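Chemist: Take this structure first; my questions come after.
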Amino acid sequence: MKFLKRFFISIIFLFFIYCGVWLFMAYKTNQHLEQLYTVDAQSMGIQFYGEQPKMSGFPLTPTIIYRDGFSYNNSDIKFDTLSLKGFPFPFLPLTLKMDGNIIVTNNTTKQTLNLDTLLLTVTILNSTPQESTQAEMAKWQKNVGEITVRDFLIQSGSVKIRGEGTVGLDRNLQPTALLPSEVTGHEEMISFLIKQKTIKPLVGAIALSALNGMTTIDETTGQKRVEFDVKIQNRQISLGPLNTLRLPEITWP
């Protein structure tokens, strides 16, 4: 009986500790969100279209849900819903998912990319930046520099790009990514990029010829598939041999 009593007291004690940690984490996260929304965004040139989000989900997985989109440095990113789920602790997964009517537009080049789903699940093996300032981001880039991507998905209609790899920041504090991926629907992907004027028809024809030579058949589904790297380097998004959208430069406050 004494053992059971101690056991249940320990469970209750641990539960209260867990609740305290969860609520404190939510408090600090909401503080950072308010700082980003009301102060940092203005200095970084970000305009939010939706209302300021707050952490929810207590006592289960922490969740931040944001809607509508934002503009940054003459580029627009619009969507129905963006969610961030997970505990921001080392070795635990964090999942970023963007759903519904995703439209990425570079207003300078007039390039547009339309997607149905964008998903990124990462594992933080070391520390995360405490603030979104240039000094803090530079310190993180020097000491850590990248995080592990456990799952990566881009889907648009019948086109599906899925892989894993790493994302991070380069020495100029701009985003980088190396994501070896498996692709189904590569022919539809190239046709889509040409239709959206993201690439030129001649470039698309050359890329299609190269990718057709790399195509294999999935024995389970019978679908054609091809493997290539999804990269972000020098602010350029590349899908295998194709250079697609160019990202705006991030200016940290």
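Following the order of the structure tokens, first chain is A, next is B, and so on, with residues numbered from 1 inside each chain and ligands from 1 in the order they appear.
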Check which residues of range 76-99 of chain A sit at most 6 Å from range 116-126 of chain A using only C-alpha atoms, and return one row each with the closest pair of atoms and their distance in Å to one decimal, ordered by chain and rising number, as a tab-separated table.

Modeler:
```
residue	atom	partner	partner_atom	distance
A:Pro90	CA	A:Ile124	CA	4.9
A:Phe91	CA	A:Leu125	CA	5.4
A:Leu92	CA	A:Thr123	CA	5.8
A:Pro93	CA	A:Thr123	CA	4.8
A:Leu94	CA	A:Val122	CA	5.3
A:Thr95	CA	A:Thr121	CA	4.2
A:Leu96	CA	A:Leu120	CA	5.1
A:Lys97	CA	A:Leu119	CA	4.4
A:Met98	CA	A:Leu118	CA	5.0
A:Asp99	CA	A:Thr117	CA	4.8
```

Chemist: Put those residues in a file: N, CA and C atoms, as an mmCIF file, in the first residue's frame.

Modeler:
```
data_model
loop_
_atom_site.group_PDB
_atom_site.id
_atom_site.type_symbol
_atom_site.label_atom_id
_atom_site.label_comp_id
_atom_site.auth_asym_id
_atom_site.auth_seq_id
_atom_site.Cartn_x
_atom_site.Cartn_y
_atom_site.Cartn_z
ATOM 1 N N PRO A 90 15.556 19.355 -27.691
ATOM 2 C CA PRO A 90 16.454 18.504 -28.475
ATOM 3 C C PRO A 90 15.933 17.082 -28.614
ATOM 4 N N PHE A 91 16.113 16.532 -29.836
ATOM 5 C CA PHE A 91 15.791 15.147 -30.177
ATOM 6 C C PHE A 91 14.292 14.867 -30.317
ATOM 7 N N LEU A 92 13.445 15.889 -30.154
ATOM 8 C CA LEU A 92 12.013 15.713 -30.358
ATOM 9 C C LEU A 92 11.595 16.373 -31.673
ATOM 10 N N PRO A 93 10.644 15.772 -32.404
ATOM 11 C CA PRO A 93 10.262 16.318 -33.714
ATOM 12 C C PRO A 93 9.394 17.566 -33.612
ATOM 13 N N LEU A 94 9.623 18.482 -34.540
ATOM 14 C CA LEU A 94 8.776 19.654 -34.734
ATOM 15 C C LEU A 94 8.256 19.612 -36.167
ATOM 16 N N THR A 95 6.945 19.740 -36.352
ATOM 17 C CA THR A 95 6.367 19.636 -37.693
ATOM 18 C C THR A 95 5.725 20.953 -38.109
ATOM 19 N N LEU A 96 6.201 21.478 -39.232
ATOM 20 C CA LEU A 96 5.622 22.672 -39.848
ATOM 21 C C LEU A 96 4.818 22.220 -41.058
ATOM 22 N N LYS A 97 3.536 22.579 -41.094
ATOM 23 C CA LYS A 97 2.685 22.172 -42.206
ATOM 24 C C LYS A 97 1.886 23.353 -42.722
ATOM 25 N N MET A 98 1.947 23.542 -44.039
ATOM 26 C CA MET A 98 1.210 24.608 -44.707
ATOM 27 C C MET A 98 0.189 23.940 -45.625
ATOM 28 N N ASP A 99 -1.073 24.324 -45.500
ATOM 29 C CA ASP A 99 -2.150 23.649 -46.226
ATOM 30 C C ASP A 99 -3.058 24.640 -46.937
#
```

Chemist: Measuring between only C-alpha atoms, which one of A:Asp40, A:Thr112, A:Arg6, A:Phe89 shows the shortest distance to Gln134 in chain A?

Modeler: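 Ranking A:Asp40, A:Thr112, A:Arg6, A:Phe89 by distance to Gln134 in chain A, first place goes to A:Asp40.
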
Chemist: Measuring between only C-alpha atoms, which one of A:Met55, A:Ala177, A:Leu239, A:Leu113 shows the shortest distance to Glu227 in chain A?

Modeler: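 Among A:Met55, A:Ala177, A:Leu239, A:Leu113, it is A:Leu239 that comes nearest to Glu227 in chain A.
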
Chemist: Determine the nearest neighbour of Ala207 in chain A from the options A:Lys195, A:His186, A:Arg162, A:Arg225, counting only C-alpha atoms.

Modeler: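 Checking each of A:Lys195, A:His186, A:Arg162, A:Arg225 against Ala207 in chain A, counting only C-alpha atoms, the winner is A:His186.
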
Chemist: Write out as number ranges by chain the set of residues from range 35-132 of chain A that DSSP, computed on the backbone, places in strand (DSSP E or B).

Modeler: A: 46-48, 55-56, 63-72, 75-85, 93-106, 111-123

Chemist: Using only C-alpha atoms, which protein or nucleic acid residues come within 12 Å of Asp170 in chain A? Drop anything in the same chain fewer than 2 positions from it, and give the result as a PyMOL selection string.

Modeler: chain A and resi 137-146+167-168+172-177+232-235+250

Chemist: Restricting the output to N, CA, C and O atoms, write the selected residues as a PDB file, in the first residue's frame.

Modeler:
```pdb
ATOM      1  N   MET A 137      21.246  35.138 -34.397  1.00  0.00           N
ATOM      2  CA  MET A 137      21.229  34.211 -35.520  1.00  0.00           C
ATOM      3  C   MET A 137      22.651  33.901 -35.989  1.00  0.00           C
ATOM      4  O   MET A 137      22.965  32.768 -36.372  1.00  0.00           O
ATOM      5  N   ALA A 138      23.534  34.907 -35.964  1.00  0.00           N
ATOM      6  CA  ALA A 138      24.928  34.682 -36.347  1.00  0.00           C
ATOM      7  C   ALA A 138      25.621  33.736 -35.371  1.00  0.00           C
ATOM      8  O   ALA A 138      26.411  32.864 -35.773  1.00  0.00           O
ATOM      9  N   LYS A 139      25.316  33.889 -34.095  1.00  0.00           N
ATOM     10  CA  LYS A 139      25.876  32.996 -33.080  1.00  0.00           C
ATOM     11  C   LYS A 139      25.399  31.568 -33.300  1.00  0.00           C
ATOM     12  O   LYS A 139      26.191  30.613 -33.221  1.00  0.00           O
ATOM     13  N   TRP A 140      24.109  31.407 -33.584  1.00  0.00           N
ATOM     14  CA  TRP A 140      23.561  30.071 -33.829  1.00  0.00           C
ATOM     15  C   TRP A 140      24.170  29.460 -35.093  1.00  0.00           C
ATOM     16  O   TRP A 140      24.519  28.277 -35.118  1.00  0.00           O
ATOM     17  N   GLN A 141      24.309  30.275 -36.145  1.00  0.00           N
ATOM     18  CA  GLN A 141      24.874  29.765 -37.394  1.00  0.00           C
ATOM     19  C   GLN A 141      26.308  29.279 -37.194  1.00  0.00           C
ATOM     20  O   GLN A 141      26.706  28.245 -37.733  1.00  0.00           O
ATOM     21  N   LYS A 142      27.076  29.984 -36.398  1.00  0.00           N
ATOM     22  CA  LYS A 142      28.465  29.607 -36.152  1.00  0.00           C
ATOM     23  C   LYS A 142      28.565  28.342 -35.320  1.00  0.00           C
ATOM     24  O   LYS A 142      29.394  27.466 -35.606  1.00  0.00           O
ATOM     25  N   ASN A 143      27.718  28.212 -34.305  1.00  0.00           N
ATOM     26  CA  ASN A 143      27.813  27.087 -33.377  1.00  0.00           C
ATOM     27  C   ASN A 143      27.041  25.848 -33.828  1.00  0.00           C
ATOM     28  O   ASN A 143      27.414  24.721 -33.485  1.00  0.00           O
ATOM     29  N   VAL A 144      25.943  26.055 -34.576  1.00  0.00           N
ATOM     30  CA  VAL A 144      25.082  24.932 -34.981  1.00  0.00           C
ATOM     31  C   VAL A 144      24.944  24.894 -36.500  1.00  0.00           C
ATOM     32  O   VAL A 144      25.393  23.972 -37.155  1.00  0.00           O
ATOM     33  N   GLY A 145      24.280  25.898 -37.046  1.00  0.00           N
ATOM     34  CA  GLY A 145      24.250  26.072 -38.493  1.00  0.00           C
ATOM     35  C   GLY A 145      23.165  25.344 -39.251  1.00  0.00           C
ATOM     36  O   GLY A 145      22.674  25.843 -40.264  1.00  0.00           O
ATOM     37  N   GLU A 146      22.769  24.145 -38.813  1.00  0.00           N
ATOM     38  CA  GLU A 146      21.750  23.410 -39.536  1.00  0.00           C
ATOM     39  C   GLU A 146      20.999  22.467 -38.599  1.00  0.00           C
ATOM     40  O   GLU A 146      21.468  22.154 -37.507  1.00  0.00           O
ATOM     41  N   VAL A 167      18.341  21.525 -43.202  1.00  0.00           N
ATOM     42  CA  VAL A 167      18.095  22.932 -43.505  1.00  0.00           C
ATOM     43  C   VAL A 167      18.894  23.760 -42.510  1.00  0.00           C
ATOM     44  O   VAL A 167      19.238  23.289 -41.419  1.00  0.00           O
ATOM     45  N   GLY A 168      19.215  24.989 -42.887  1.00  0.00           N
ATOM     46  CA  GLY A 168      19.990  25.823 -41.972  1.00  0.00           C
ATOM     47  C   GLY A 168      20.194  27.219 -42.513  1.00  0.00           C
ATOM     48  O   GLY A 168      19.400  27.723 -43.321  1.00  0.00           O
ATOM     49  N   ASN A 172      25.963  34.154 -44.654  1.00  0.00           N
ATOM     50  CA  ASN A 172      25.264  35.425 -44.804  1.00  0.00           C
ATOM     51  C   ASN A 172      23.907  35.420 -44.101  1.00  0.00           C
ATOM     52  O   ASN A 172      23.102  36.330 -44.291  1.00  0.00           O
ATOM     53  N   LEU A 173      23.668  34.366 -43.306  1.00  0.00           N
ATOM     54  CA  LEU A 173      22.428  34.199 -42.544  1.00  0.00           C
ATOM     55  C   LEU A 173      21.208  34.089 -43.450  1.00  0.00           C
ATOM     56  O   LEU A 173      20.097  34.515 -43.100  1.00  0.00           O
ATOM     57  N   GLN A 174      21.415  33.470 -44.628  1.00  0.00           N
ATOM     58  CA  GLN A 174      20.320  33.190 -45.548  1.00  0.00           C
ATOM     59  C   GLN A 174      20.020  31.686 -45.520  1.00  0.00           C
ATOM     60  O   GLN A 174      20.898  30.881 -45.232  1.00  0.00           O
ATOM     61  N   PRO A 175      18.773  31.299 -45.800  1.00  0.00           N
ATOM     62  CA  PRO A 175      18.399  29.884 -45.678  1.00  0.00           C
ATOM     63  C   PRO A 175      19.126  28.988 -46.667  1.00  0.00           C
ATOM     64  O   PRO A 175      19.379  29.377 -47.828  1.00  0.00           O
ATOM     65  N   THR A 176      19.477  27.799 -46.218  1.00  0.00           N
ATOM     66  CA  THR A 176      20.051  26.764 -47.073  1.00  0.00           C
ATOM     67  C   THR A 176      19.286  25.467 -46.829  1.00  0.00           C
ATOM     68  O   THR A 176      18.682  25.272 -45.773  1.00  0.00           O
ATOM     69  N   ALA A 177      19.324  24.577 -47.800  1.00  0.00           N
ATOM     70  CA  ALA A 177      18.679  23.275 -47.650  1.00  0.00           C
ATOM     71  C   ALA A 177      19.307  22.296 -48.627  1.00  0.00           C
ATOM     72  O   ALA A 177      19.678  22.658 -49.745  1.00  0.00           O
ATOM     73  N   ILE A 232      18.279  24.701 -51.524  1.00  0.00           N
ATOM     74  CA  ILE A 232      18.231  26.164 -51.409  1.00  0.00           C
ATOM     75  C   ILE A 232      19.664  26.608 -51.184  1.00  0.00           C
ATOM     76  O   ILE A 232      20.302  26.228 -50.192  1.00  0.00           O
ATOM     77  N   GLN A 233      20.178  27.376 -52.117  1.00  0.00           N
ATOM     78  CA  GLN A 233      21.557  27.855 -52.032  1.00  0.00           C
ATOM     79  C   GLN A 233      21.640  29.216 -52.698  1.00  0.00           C
ATOM     80  O   GLN A 233      21.119  29.409 -53.801  1.00  0.00           O
ATOM     81  N   ASN A 234      22.283  30.156 -52.005  1.00  0.00           N
ATOM     82  CA  ASN A 234      22.374  31.534 -52.522  1.00  0.00           C
ATOM     83  C   ASN A 234      20.992  32.085 -52.874  1.00  0.00           C
ATOM     84  O   ASN A 234      20.812  32.724 -53.902  1.00  0.00           O
ATOM     85  N   ARG A 235      20.006  31.752 -52.012  1.00  0.00           N
ATOM     86  CA  ARG A 235      18.628  32.234 -52.131  1.00  0.00           C
ATOM     87  C   ARG A 235      17.909  31.691 -53.363  1.00  0.00           C
ATOM     88  O   ARG A 235      16.865  32.215 -53.757  1.00  0.00           O
ATOM     89  N   ILE A 250      16.815  37.842 -46.511  1.00  0.00           N
ATOM     90  CA  ILE A 250      16.328  38.048 -45.154  1.00  0.00           C
ATOM     91  C   ILE A 250      17.230  39.065 -44.454  1.00  0.00           C
ATOM     92  O   ILE A 250      18.447  38.921 -44.426  1.00  0.00           O
TER      93      ILE A 250
END
```

Chemist: Kindly indicate which residue among A:Thr184, A:Thr38, A:Thr61, A:Thr216 lies nearest to Cys19 in chain A, using only C-alpha atoms for the distances.

Modeler: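 Answer, going by the shortest atom-to-atom distance: A:Thr61.
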
Chemist: Quick one, how far is CA of Gln52 in chain A from CA of Leu84 in chain A?

Modeler: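 Going from CA of Gln52 in chain A over to CA of Leu84 in chain A covers 13.8 Å.
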